$ cat model-v4.txt   # compact mmCIF, C-alpha atoms
# COMPACT_ATOMS: atom_id res chain seq x y z
CA MET A 26 33.27 -18.98 -16.50
CA ARG A 27 33.66 -22.47 -17.88
CA ASP A 28 33.34 -24.94 -15.00
CA ASN A 29 34.82 -28.34 -15.74
CA ASN A 30 33.25 -29.85 -12.65
CA LEU A 31 29.57 -28.96 -13.02
CA LEU A 32 28.42 -32.15 -11.28
CA GLY A 33 30.63 -31.62 -8.23
CA GLY A 34 29.69 -27.98 -7.94
CA TYR A 35 26.00 -28.82 -8.09
CA LEU A 36 26.24 -31.57 -5.47
CA ARG A 37 28.18 -29.31 -3.12
CA ALA A 38 25.78 -26.38 -3.49
CA ARG A 39 22.69 -28.52 -2.93
CA ARG A 40 24.26 -30.39 0.01
CA GLU A 41 24.81 -27.08 1.79
CA LEU A 42 21.10 -26.24 1.52
CA VAL A 43 19.75 -29.39 3.20
CA GLN A 44 19.15 -29.07 6.92
CA PRO A 45 20.07 -32.21 8.95
CA ASP A 46 16.73 -32.43 10.73
CA SER A 47 14.91 -32.51 7.37
CA VAL A 48 16.50 -35.90 6.61
CA GLY A 49 16.21 -37.34 10.13
CA LEU A 50 19.64 -36.39 11.45
CA PRO A 51 20.20 -34.61 14.78
CA ALA A 52 20.87 -30.90 14.35
CA ASP A 53 22.31 -30.28 17.80
CA GLY A 54 25.98 -29.66 18.53
CA VAL A 55 28.50 -27.54 16.64
CA ARG A 56 28.47 -27.98 12.86
CA ARG A 57 31.34 -26.41 10.95
CA VAL A 58 29.64 -26.70 7.56
CA ALA A 59 26.33 -25.44 6.22
CA GLY A 60 23.79 -28.14 5.54
CA LEU A 61 24.91 -31.76 5.40
CA ARG A 62 28.43 -33.12 5.72
CA ARG A 63 29.80 -35.18 2.84
CA GLU A 64 29.84 -38.34 4.91
CA GLU A 65 26.20 -37.78 5.88
CA VAL A 66 25.16 -37.52 2.24
CA ALA A 67 27.10 -40.68 1.46
CA MET A 68 25.55 -42.58 4.36
CA LEU A 69 21.99 -41.55 3.44
CA ALA A 70 22.57 -42.39 -0.24
CA GLY A 71 24.09 -45.78 0.56
CA ILE A 72 27.50 -45.13 -0.97
CA SER A 73 30.97 -44.83 0.51
CA ALA A 74 32.20 -41.46 1.77
CA ASP A 75 35.30 -41.79 -0.42
CA TYR A 76 33.21 -42.35 -3.53
CA TYR A 77 31.03 -39.34 -2.77
CA LEU A 78 34.16 -37.23 -2.22
CA ARG A 79 35.42 -38.28 -5.66
CA LEU A 80 32.12 -37.15 -7.18
CA GLU A 81 32.31 -33.71 -5.60
CA GLN A 82 35.95 -33.29 -6.56
CA GLY A 83 35.29 -34.28 -10.15
CA ARG A 84 37.48 -37.38 -9.99
CA ASP A 85 34.55 -39.62 -10.93
CA ARG A 86 32.04 -38.20 -13.38
CA ASN A 87 30.11 -41.28 -14.42
CA PRO A 88 27.97 -42.38 -11.46
CA SER A 89 25.23 -44.91 -12.13
CA MET A 90 21.57 -43.98 -12.44
CA GLN A 91 20.91 -45.65 -9.09
CA VAL A 92 23.53 -43.49 -7.37
CA LEU A 93 22.18 -40.31 -8.95
CA GLU A 94 18.61 -41.13 -7.96
CA ALA A 95 19.74 -41.85 -4.39
CA LEU A 96 21.59 -38.53 -4.25
CA ALA A 97 18.56 -36.70 -5.65
CA ARG A 98 16.45 -38.20 -2.86
CA VAL A 99 18.93 -37.22 -0.14
CA LEU A 100 19.32 -33.71 -1.54
CA ARG A 101 15.54 -33.38 -1.77
CA LEU A 102 15.52 -32.49 -5.45
CA ASP A 103 12.26 -32.08 -7.32
CA ASP A 104 11.71 -33.47 -10.84
CA ALA A 105 13.27 -30.48 -12.63
CA ALA A 106 16.34 -30.46 -10.39
CA THR A 107 16.71 -34.25 -10.71
CA ASP A 108 16.61 -34.02 -14.50
CA TYR A 109 19.30 -31.35 -14.31
CA LEU A 110 21.45 -33.57 -12.06
CA LEU A 111 21.14 -36.43 -14.55
CA SER A 112 22.15 -34.15 -17.42
CA LEU A 113 25.31 -33.11 -15.58
CA ALA A 114 26.37 -36.73 -15.31
CA THR A 115 25.70 -37.47 -18.99
CA PRO A 116 28.81 -37.23 -21.19
CA GLN A 117 28.47 -34.17 -23.41
CA PRO A 118 29.73 -34.14 -27.01
CA ARG A 119 32.64 -31.79 -27.56
CA HIS A 120 31.62 -28.80 -29.68
CA ARG A 121 33.77 -26.33 -31.45
CA ARG A 122 33.13 -22.87 -30.06
CA ARG A 123 30.39 -21.32 -32.11
CA ARG A 124 30.21 -17.81 -33.38
CA PRO A 125 27.23 -15.95 -31.94
CA ARG A 126 24.43 -16.21 -34.47
CA ARG A 127 21.69 -13.70 -35.07
CA GLU A 128 18.35 -15.03 -33.88
CA THR A 129 15.51 -14.71 -36.38
CA VAL A 130 11.90 -14.94 -35.25
CA PRO A 131 9.73 -16.73 -37.85
CA ALA A 132 7.45 -14.37 -39.79
CA SER A 133 4.36 -16.34 -38.77
CA ILE A 134 5.19 -15.86 -35.09
CA ARG A 135 5.68 -12.12 -35.62
CA GLN A 136 2.25 -12.04 -37.23
CA LEU A 137 0.81 -13.98 -34.30
CA LEU A 138 2.22 -11.41 -31.86
CA ASP A 139 0.22 -8.71 -33.63
CA VAL A 140 -3.14 -10.51 -33.48
CA VAL A 141 -3.02 -12.57 -30.28
CA GLY A 142 -4.64 -9.83 -28.15
CA ILE A 143 -2.65 -10.45 -24.94
CA PRO A 144 0.89 -9.50 -23.87
CA ALA A 145 3.23 -11.78 -25.81
CA PHE A 146 6.89 -11.83 -26.74
CA VAL A 147 9.59 -14.19 -28.01
CA GLU A 148 12.75 -14.87 -26.01
CA ASP A 149 15.79 -17.07 -26.46
CA ARG A 150 17.33 -19.31 -23.83
CA TYR A 151 19.34 -16.40 -22.41
CA PHE A 152 16.08 -14.49 -21.85
CA ASP A 153 16.97 -11.96 -24.54
CA VAL A 154 13.73 -10.52 -25.94
CA LEU A 155 13.69 -11.03 -29.70
CA ALA A 156 10.24 -9.64 -30.56
CA ALA A 157 7.22 -8.35 -28.65
CA ASN A 158 3.77 -6.94 -29.28
CA SER A 159 2.53 -3.54 -28.15
CA LEU A 160 0.66 -4.93 -25.15
CA ALA A 161 3.83 -6.62 -23.85
CA ARG A 162 5.68 -3.31 -24.17
CA ALA A 163 2.81 -1.60 -22.32
CA LEU A 164 3.15 -4.17 -19.54
CA SER A 165 6.88 -3.38 -19.23
CA PRO A 166 9.15 -1.19 -21.36
CA ASN A 167 11.78 -3.91 -20.96
CA LEU A 168 9.64 -6.40 -22.90
CA GLN A 169 10.88 -5.25 -26.27
CA ALA A 170 13.44 -6.48 -28.75
CA GLY A 171 17.02 -5.94 -27.61
CA GLN A 172 16.31 -6.11 -23.89
CA ASN A 173 17.22 -8.95 -21.52
CA ARG A 174 14.82 -9.99 -18.78
CA LEU A 175 17.59 -10.89 -16.35
CA THR A 176 19.42 -7.59 -16.57
CA ALA A 177 16.11 -5.73 -16.38
CA MET A 178 15.00 -7.55 -13.25
CA PHE A 179 18.30 -7.21 -11.40
CA LEU A 180 19.67 -3.90 -12.68
CA ASP A 181 16.67 -1.69 -13.52
CA PRO A 182 15.05 -0.21 -10.37
CA ALA A 183 11.85 0.63 -12.26
CA GLU A 184 11.48 -3.01 -13.33
CA SER A 185 12.16 -4.46 -9.87
CA ALA A 186 9.63 -2.01 -8.36
CA MET A 187 6.92 -3.69 -10.44
CA TYR A 188 7.31 -6.94 -8.50
CA PRO A 189 6.06 -6.84 -4.88
CA ASP A 190 7.35 -10.41 -4.51
CA TRP A 191 10.75 -9.50 -5.98
CA ASP A 192 12.70 -12.06 -3.93
CA VAL A 193 10.47 -14.88 -5.17
CA ALA A 194 10.42 -13.54 -8.73
CA THR A 195 14.21 -13.30 -8.95
CA ALA A 196 14.69 -16.78 -7.48
CA ASN A 197 12.30 -18.24 -10.05
CA LEU A 198 13.94 -16.32 -12.88
CA VAL A 199 17.48 -17.48 -12.06
CA GLY A 200 16.33 -21.07 -11.54
CA SER A 201 14.62 -21.01 -14.94
CA PHE A 202 17.72 -19.52 -16.55
CA ARG A 203 19.99 -22.26 -15.20
CA ARG A 204 17.59 -24.89 -16.50
CA ALA A 205 17.42 -23.22 -19.92
CA VAL A 206 21.21 -23.05 -20.37
CA GLY A 207 21.91 -26.50 -18.94
CA THR A 208 25.50 -27.67 -19.39
CA ASP A 209 26.38 -25.30 -22.23
CA THR A 210 28.37 -23.00 -19.95
CA ASP A 211 31.13 -22.17 -22.44
CA ASP A 212 28.71 -20.32 -24.72
CA PRO A 213 29.97 -16.72 -25.16
CA ARG A 214 26.56 -15.15 -24.47
CA PHE A 215 26.22 -17.14 -21.25
CA VAL A 216 29.71 -16.12 -20.10
CA GLN A 217 29.06 -12.45 -20.84
CA LEU A 218 25.63 -12.37 -19.18
CA VAL A 219 26.53 -14.24 -15.98
CA GLY A 220 29.74 -12.24 -15.64
CA GLU A 221 27.92 -8.91 -15.97
CA LEU A 222 25.20 -9.85 -13.50
CA SER A 223 27.62 -11.38 -10.99
CA LEU A 224 29.63 -8.16 -10.87
CA ALA A 225 26.66 -5.81 -10.69
CA SER A 226 24.12 -7.64 -8.50
CA PRO A 227 24.75 -9.21 -5.08
CA ARG A 228 21.29 -10.78 -5.26
CA PHE A 229 22.15 -12.53 -8.53
CA ARG A 230 25.45 -13.81 -7.10
CA GLN A 231 23.59 -15.23 -4.09
CA LEU A 232 20.99 -17.00 -6.21
CA TRP A 233 23.49 -18.29 -8.77
CA ALA A 234 25.54 -19.90 -6.00
CA ARG A 235 22.50 -21.92 -4.88
CA HIS A 236 22.33 -23.83 -8.19
CA ASP A 237 18.53 -23.85 -8.11
CA VAL A 238 16.77 -25.30 -11.16
CA ARG A 239 13.12 -24.41 -11.62
CA THR A 240 10.22 -24.59 -14.04
CA CYS A 241 7.83 -21.67 -13.61
CA GLU A 242 5.44 -21.92 -16.54
CA GLY A 243 1.81 -21.42 -15.53
CA MET A 244 2.69 -19.87 -12.19
CA PRO A 245 0.77 -16.70 -11.27
CA THR A 246 2.84 -13.54 -11.35
CA ARG A 247 1.93 -10.52 -9.23
CA MET A 248 2.87 -7.15 -10.68
CA GLN A 249 2.35 -3.55 -9.62
CA HIS A 250 1.82 -1.67 -12.86
CA PRO A 251 2.40 2.09 -12.73
CA GLN A 252 -0.76 2.82 -14.77
CA VAL A 253 -3.36 0.23 -13.80
CA GLY A 254 -2.17 -1.00 -10.39
CA GLU A 255 -1.91 -4.58 -9.16
CA LEU A 256 -2.13 -7.36 -11.72
CA ILE A 257 -2.15 -11.12 -11.16
CA LEU A 258 -1.29 -12.83 -14.42
CA ASN A 259 -0.51 -16.36 -15.52
CA ARG A 260 2.55 -16.87 -17.70
CA GLU A 261 2.91 -19.62 -20.28
CA LYS A 262 5.94 -20.53 -22.40
CA LEU A 263 5.51 -22.33 -25.71
CA SER A 264 8.29 -23.63 -27.95
CA VAL A 265 8.55 -21.92 -31.34
CA GLY A 266 8.60 -24.52 -34.09
CA GLY A 267 11.57 -24.33 -36.43
CA ALA A 268 13.51 -21.96 -34.15
CA LYS A 269 15.55 -23.98 -31.67
CA GLY A 270 15.72 -22.41 -28.22
CA GLN A 271 13.08 -19.75 -28.89
CA LEU A 272 10.00 -19.55 -26.70
CA LEU A 273 6.74 -17.68 -27.15
CA VAL A 274 5.84 -16.19 -23.77
CA VAL A 275 2.29 -14.99 -23.06
CA TYR A 276 0.66 -13.38 -20.04
CA HIS A 277 -3.05 -13.82 -19.43
CA ALA A 278 -5.46 -12.92 -16.65
CA GLN A 279 -8.21 -15.11 -15.23
CA PRO A 280 -11.47 -14.09 -16.96
CA GLY A 281 -13.86 -12.12 -14.79
CA THR A 282 -11.19 -10.86 -12.39
CA SER A 283 -10.08 -7.32 -11.69
CA SER A 284 -6.79 -8.17 -13.41
CA ALA A 285 -8.70 -9.01 -16.60
CA GLU A 286 -10.50 -5.66 -16.42
CA LYS A 287 -7.21 -3.83 -15.89
CA MET A 288 -5.60 -5.66 -18.81
CA ALA A 289 -8.52 -4.55 -21.01
CA LEU A 290 -7.91 -0.99 -19.83
CA LEU A 291 -4.19 -1.29 -20.55
CA ALA A 292 -4.99 -2.64 -24.01
CA SER A 293 -7.22 0.38 -24.69
CA LEU A 294 -4.37 2.69 -23.74
CA THR A 295 -2.14 1.11 -26.37
CA ILE A 296 -4.57 1.75 -29.26
CA PRO A 297 -3.23 4.66 -31.30
CA ALA A 298 -5.56 7.63 -31.59
CA ALA A 299 -7.40 7.94 -34.89
CA PRO A 300 -5.98 10.69 -37.09
CA VAL A 301 -7.99 13.92 -37.18
CA THR A 302 -9.43 14.58 -40.63
CA HIS A 303 -10.50 17.94 -42.00
CA ALA A 304 -13.13 18.54 -44.62
CA PRO A 305 -11.90 20.15 -47.84
CA ALA A 306 -12.21 23.92 -47.91
CA ALA A 307 -14.73 23.75 -50.76
CA ASP A 308 -17.05 21.55 -48.70
CA ILE A 309 -16.84 23.94 -45.77
CA ALA A 310 -17.73 26.87 -48.00
CA ALA A 311 -20.66 24.97 -49.46
CA ALA A 312 -22.01 24.24 -46.01

$ encode --input "model-v4.txt" --output "structure tokens"
Amino acid sequence: MRDNNLLGGYLRARRELVQPDSVGLPADGVRRVAGLRREEVAMLAGISADYYLRLEQGRDRNPSMQVLEALARVLRLDDAATDYLLSLATPQPRHRRRRPRRETVPASIRQLLDVVGIPAFVEDRYFDVLAANSLARALSPNLQAGQNRLTAMFLDPAESAMYPDWDVATANLVGSFRRAVGTDTDDPRFVQLVGELSLASPRFRQLWARHDVRTCEGMPTRMQHPQVGELILNREKLSVGGAKGQLLVVYHAQPGTSSAEKMALLASLTIPAAPVTHAPAADIAAA
């Protein structure tokens, strides 16, 4: 799974997604490649075709900032994708392969999950759920410790059925995952997860090959909940202090909307029933 030419792979994948007419080139005639040709990218970026070829082939891995910014413009990259491109061209320190470490959620964050009053959970950069409150579990059984949001979305039919906009949701999820992992593609958990999903899900393979990089915090999410029906929720991700790579994820509905009313109903369904108490036999006899 380790790719020693991340920059070249990214440039090639993004080049194939740009339509010629979107950058002012004629789209008529027979084109034997998807998207732009290498020489077209080079021309539009103001560099030589040979130099661009060396970048894609991994024979030159230290382009200047000006070249990278020109390529980002030609490939129509947004801010998140441009930042990712720049990170691929930044020399990375060589790390010894780490043993997988057990993630520990700070006690204060666990306490916060219990009192926050909205669906909330903690995930790591591989989208493994590390801790969750009861309302998150009521929103989806897969939002509980030990589950992975990627495998749930792609491999669990009950989970995918909750998303009417499943194509959009999966594209956003994979783009966010690529951004979260960045260049650390020799990490054992990354290798295992991408390998499993690539074998089991054609949709994941398709999206992974696009090399999309996305930020989706604050975007509304539409869900079809089996108990309360359609929900439109905002999702926020907040960094957990003192726990590198962990994020606190919360879902919240716009106040005054039907989704807010349904979330209140869902919350009421998660409240455990009060235990039934019986009066002592002596009291009953006295009555």

$ closest_atom_pairs --input "model-v4.txt" --of "stretch 201-239 of chain A" --to "stretch 169-174 of chain A" --cutoff "12 Å" --atoms "only C-alpha atoms" --output "tab-separated table"
residue	atom	partner	partner_atom	distance
A:Ser201	CA	A:Arg174	CA	11.7
A:Phe202	CA	A:Arg174	CA	10.2
A:Arg214	CA	A:Asn173	CA	11.6
A:Leu218	CA	A:Asn173	CA	9.4
A:Leu222	CA	A:Asn173	CA	11.3

$ closest_residue --input "model-v4.txt" --among "A:Pro45, A:Gly142, A:Gly200, A:Gly60" --to "A:His236" --atoms "all atoms listed in the file"
A:Gly200

$ atom_distance --input "model-v4.txt" --atom1 "atom CA of A:Val48" --atom2 "atom CA of A:Asp190"
29.3 Å

$ atom_distance --input "model-v4.txt" --atom1 "atom CA of A:Ala177" --atom2 "atom CA of A:Phe215"
16.0 Å

$ closest_residue --input "model-v4.txt" --among "A:Arg98, A:Tyr151, A:Ala156, A:Ile72" --to "A:Val274" --atoms "all atoms listed in the file"
A:Ala156

$ atom_distance --input "model-v4.txt" --atom1 "atom CA of A:Ser293" --atom2 "atom CA of A:Val140"
14.6 Å

$ closest_residue --input "model-v4.txt" --among "A:Val193, A:Ile134, A:Pro245, A:Ala292" --to "A:Gly266" --atoms "all atoms listed in the file"
A:Ile134

$ closest_residue --input "model-v4.txt" --among "A:Ala74, A:Ala114, A:Leu61, A:Leu137" --to "A:Leu100" --atoms "only C-alpha atoms"
A:Leu61

$ closest_residue --input "model-v4.txt" --among "A:Ala163, A:Ala278, A:Val154, A:Ile257" --to "A:Pro189" --atoms "all atoms listed in the file"
A:Ile257

$ residues_around --input "model-v4.txt" --residues "A:Met90" --least-positions-apart "6" --cutoff "12 Å" --atoms "all atoms listed in the file" --output "list of chain:residue names"
A:Leu96, A:Ala97, A:Thr107, A:Asp108, A:Leu110, A:Leu111, A:Ser112, A:Leu113, A:Ala114, A:Thr115

$ write_last_selection --input "model-v4.txt" --atoms "C-alpha atoms" --output "PDB file, in the frame of the given file"
ATOM      1  CA  LEU A  96      21.590 -38.530  -4.250  1.00  0.00           C
ATOM      2  CA  ALA A  97      18.560 -36.700  -5.650  1.00  0.00           C
ATOM      3  CA  THR A 107      16.710 -34.250 -10.710  1.00  0.00           C
ATOM      4  CA  ASP A 108      16.610 -34.020 -14.500  1.00  0.00           C
ATOM      5  CA  LEU A 110      21.450 -33.570 -12.060  1.00  0.00           C
ATOM      6  CA  LEU A 111      21.140 -36.430 -14.550  1.00  0.00           C
ATOM      7  CA  SER A 112      22.150 -34.150 -17.420  1.00  0.00           C
ATOM      8  CA  LEU A 113      25.310 -33.110 -15.580  1.00  0.00           C
ATOM      9  CA  ALA A 114      26.370 -36.730 -15.310  1.00  0.00           C
ATOM     10  CA  THR A 115      25.700 -37.470 -18.990  1.00  0.00           C
TER      11      THR A 115
END

$ residues_around --input "model-v4.txt" --residues "A:Ser264" --least-positions-apart "3" --cutoff "7 Å" --atoms "all atoms listed in the file" --output "number ranges by chain"
A: 271-273

$ residues_around --input "model-v4.txt" --residues "A:Asp149" --least-positions-apart "3" --cutoff "6 Å" --atoms "all atoms listed in the file" --output "number ranges by chain"
A: 152-153, 270-271

$ residues_near_point --input "model-v4.txt" --point "(23.2, -30.1, -2.9)" --cutoff "10 Å" --atoms "all atoms listed in the file" --output "list in words"
Gly33, Gly34, Tyr35, Leu36, Arg37, Ala38, Arg39, Arg40, Glu41, Leu42, Val43, Gly60, Leu61, Val66, Leu96, Ala97, Val99, Leu100, Arg101, Leu102, Leu110, Arg235, His236 and Asp237 of chain A

$ build_atoms --input "model-v4.txt" --residues "stretch 204-215 of chain A" --atoms "all heavy atoms" --output "PDB file, in the frame of the given file"
ATOM      1  N   ARG A 204      18.179 -23.746 -15.809  1.00  0.00           N
ATOM      2  CA  ARG A 204      17.590 -24.890 -16.500  1.00  0.00           C
ATOM      3  C   ARG A 204      17.649 -24.702 -18.013  1.00  0.00           C
ATOM      4  O   ARG A 204      17.924 -25.656 -18.753  1.00  0.00           O
ATOM      5  CB  ARG A 204      16.141 -25.073 -16.058  1.00  0.00           C
ATOM      6  CG  ARG A 204      15.417 -26.235 -16.734  1.00  0.00           C
ATOM      7  CD  ARG A 204      14.042 -26.449 -16.121  1.00  0.00           C
ATOM      8  NE  ARG A 204      13.350 -27.567 -16.739  1.00  0.00           N
ATOM      9  CZ  ARG A 204      12.467 -27.441 -17.727  1.00  0.00           C
ATOM     10  NH1 ARG A 204      12.172 -26.233 -18.204  1.00  0.00           N
ATOM     11  NH2 ARG A 204      11.867 -28.502 -18.246  1.00  0.00           N
ATOM     12  N   ALA A 205      17.425 -23.477 -18.484  1.00  0.00           N
ATOM     13  CA  ALA A 205      17.420 -23.220 -19.920  1.00  0.00           C
ATOM     14  C   ALA A 205      18.803 -23.404 -20.534  1.00  0.00           C
ATOM     15  O   ALA A 205      18.947 -23.950 -21.628  1.00  0.00           O
ATOM     16  CB  ALA A 205      16.905 -21.802 -20.201  1.00  0.00           C
ATOM     17  N   VAL A 206      19.844 -22.969 -19.830  1.00  0.00           N
ATOM     18  CA  VAL A 206      21.210 -23.050 -20.370  1.00  0.00           C
ATOM     19  C   VAL A 206      21.771 -24.458 -20.226  1.00  0.00           C
ATOM     20  O   VAL A 206      22.505 -24.941 -21.086  1.00  0.00           O
ATOM     21  CB  VAL A 206      22.108 -22.021 -19.660  1.00  0.00           C
ATOM     22  CG1 VAL A 206      23.558 -22.210 -20.076  1.00  0.00           C
ATOM     23  CG2 VAL A 206      21.649 -20.609 -19.995  1.00  0.00           C
ATOM     24  N   GLY A 207      21.421 -25.142 -19.138  1.00  0.00           N
ATOM     25  CA  GLY A 207      21.910 -26.500 -18.940  1.00  0.00           C
ATOM     26  C   GLY A 207      23.417 -26.570 -18.777  1.00  0.00           C
ATOM     27  O   GLY A 207      24.013 -25.799 -18.028  1.00  0.00           O
ATOM     28  N   THR A 208      24.049 -27.463 -19.518  1.00  0.00           N
ATOM     29  CA  THR A 208      25.500 -27.670 -19.390  1.00  0.00           C
ATOM     30  C   THR A 208      26.313 -26.849 -20.377  1.00  0.00           C
ATOM     31  O   THR A 208      27.539 -26.947 -20.395  1.00  0.00           O
ATOM     32  CB  THR A 208      25.832 -29.165 -19.588  1.00  0.00           C
ATOM     33  OG1 THR A 208      25.415 -29.559 -20.904  1.00  0.00           O
ATOM     34  CG2 THR A 208      25.120 -30.028 -18.558  1.00  0.00           C
ATOM     35  N   ASP A 209      25.664 -26.035 -21.183  1.00  0.00           N
ATOM     36  CA  ASP A 209      26.380 -25.300 -22.230  1.00  0.00           C
ATOM     37  C   ASP A 209      26.966 -24.013 -21.659  1.00  0.00           C
ATOM     38  O   ASP A 209      26.649 -22.902 -22.095  1.00  0.00           O
ATOM     39  CB  ASP A 209      25.430 -24.991 -23.379  1.00  0.00           C
ATOM     40  CG  ASP A 209      26.168 -24.656 -24.670  1.00  0.00           C
ATOM     41  OD1 ASP A 209      27.405 -24.795 -24.684  1.00  0.00           O
ATOM     42  OD2 ASP A 209      25.508 -24.259 -25.642  1.00  0.00           O
ATOM     43  N   THR A 210      27.860 -24.152 -20.674  1.00  0.00           N
ATOM     44  CA  THR A 210      28.370 -23.000 -19.950  1.00  0.00           C
ATOM     45  C   THR A 210      29.599 -22.357 -20.583  1.00  0.00           C
ATOM     46  O   THR A 210      30.159 -21.423 -20.009  1.00  0.00           O
ATOM     47  CB  THR A 210      28.704 -23.397 -18.498  1.00  0.00           C
ATOM     48  OG1 THR A 210      29.623 -24.494 -18.511  1.00  0.00           O
ATOM     49  CG2 THR A 210      27.449 -23.803 -17.746  1.00  0.00           C
ATOM     50  N   ASP A 211      30.024 -22.840 -21.754  1.00  0.00           N
ATOM     51  CA  ASP A 211      31.130 -22.170 -22.440  1.00  0.00           C
ATOM     52  C   ASP A 211      30.618 -21.295 -23.579  1.00  0.00           C
ATOM     53  O   ASP A 211      31.408 -20.733 -24.332  1.00  0.00           O
ATOM     54  CB  ASP A 211      32.149 -23.177 -22.968  1.00  0.00           C
ATOM     55  CG  ASP A 211      31.553 -24.148 -23.972  1.00  0.00           C
ATOM     56  OD1 ASP A 211      30.308 -24.174 -24.104  1.00  0.00           O
ATOM     57  OD2 ASP A 211      32.320 -24.872 -24.622  1.00  0.00           O
ATOM     58  N   ASP A 212      29.295 -21.170 -23.687  1.00  0.00           N
ATOM     59  CA  ASP A 212      28.710 -20.320 -24.720  1.00  0.00           C
ATOM     60  C   ASP A 212      29.049 -18.858 -24.427  1.00  0.00           C
ATOM     61  O   ASP A 212      28.901 -18.390 -23.294  1.00  0.00           O
ATOM     62  CB  ASP A 212      27.193 -20.512 -24.736  1.00  0.00           C
ATOM     63  CG  ASP A 212      26.537 -19.710 -25.842  1.00  0.00           C
ATOM     64  OD1 ASP A 212      26.275 -18.507 -25.629  1.00  0.00           O
ATOM     65  OD2 ASP A 212      26.307 -20.282 -26.911  1.00  0.00           O
ATOM     66  N   PRO A 213      29.541 -18.106 -25.411  1.00  0.00           N
ATOM     67  CA  PRO A 213      29.970 -16.720 -25.160  1.00  0.00           C
ATOM     68  C   PRO A 213      28.883 -15.837 -24.571  1.00  0.00           C
ATOM     69  O   PRO A 213      29.160 -14.997 -23.704  1.00  0.00           O
ATOM     70  CB  PRO A 213      30.387 -16.238 -26.558  1.00  0.00           C
ATOM     71  CG  PRO A 213      30.748 -17.477 -27.305  1.00  0.00           C
ATOM     72  CD  PRO A 213      29.830 -18.537 -26.787  1.00  0.00           C
ATOM     73  N   ARG A 214      27.642 -15.986 -25.012  1.00  0.00           N
ATOM     74  CA  ARG A 214      26.560 -15.150 -24.470  1.00  0.00           C
ATOM     75  C   ARG A 214      26.312 -15.472 -23.002  1.00  0.00           C
ATOM     76  O   ARG A 214      26.080 -14.574 -22.182  1.00  0.00           O
ATOM     77  CB  ARG A 214      25.281 -15.358 -25.285  1.00  0.00           C
ATOM     78  CG  ARG A 214      24.049 -14.595 -24.762  1.00  0.00           C
ATOM     79  CD  ARG A 214      24.303 -13.122 -24.645  1.00  0.00           C
ATOM     80  NE  ARG A 214      23.112 -12.407 -24.208  1.00  0.00           N
ATOM     81  CZ  ARG A 214      23.122 -11.263 -23.556  1.00  0.00           C
ATOM     82  NH1 ARG A 214      24.279 -10.689 -23.246  1.00  0.00           N
ATOM     83  NH2 ARG A 214      22.007 -10.673 -23.203  1.00  0.00           N
ATOM     84  N   PHE A 215      26.374 -16.744 -22.647  1.00  0.00           N
ATOM     85  CA  PHE A 215      26.220 -17.140 -21.250  1.00  0.00           C
ATOM     86  C   PHE A 215      27.329 -16.532 -20.399  1.00  0.00           C
ATOM     87  O   PHE A 215      27.077 -15.964 -19.334  1.00  0.00           O
ATOM     88  CB  PHE A 215      26.238 -18.660 -21.130  1.00  0.00           C
ATOM     89  CG  PHE A 215      26.371 -19.167 -19.723  1.00  0.00           C
ATOM     90  CD1 PHE A 215      25.263 -19.305 -18.908  1.00  0.00           C
ATOM     91  CD2 PHE A 215      27.617 -19.499 -19.203  1.00  0.00           C
ATOM     92  CE1 PHE A 215      25.390 -19.751 -17.604  1.00  0.00           C
ATOM     93  CE2 PHE A 215      27.754 -19.947 -17.904  1.00  0.00           C
ATOM     94  CZ  PHE A 215      26.626 -20.081 -17.107  1.00  0.00           C
TER      95      PHE A 215
END
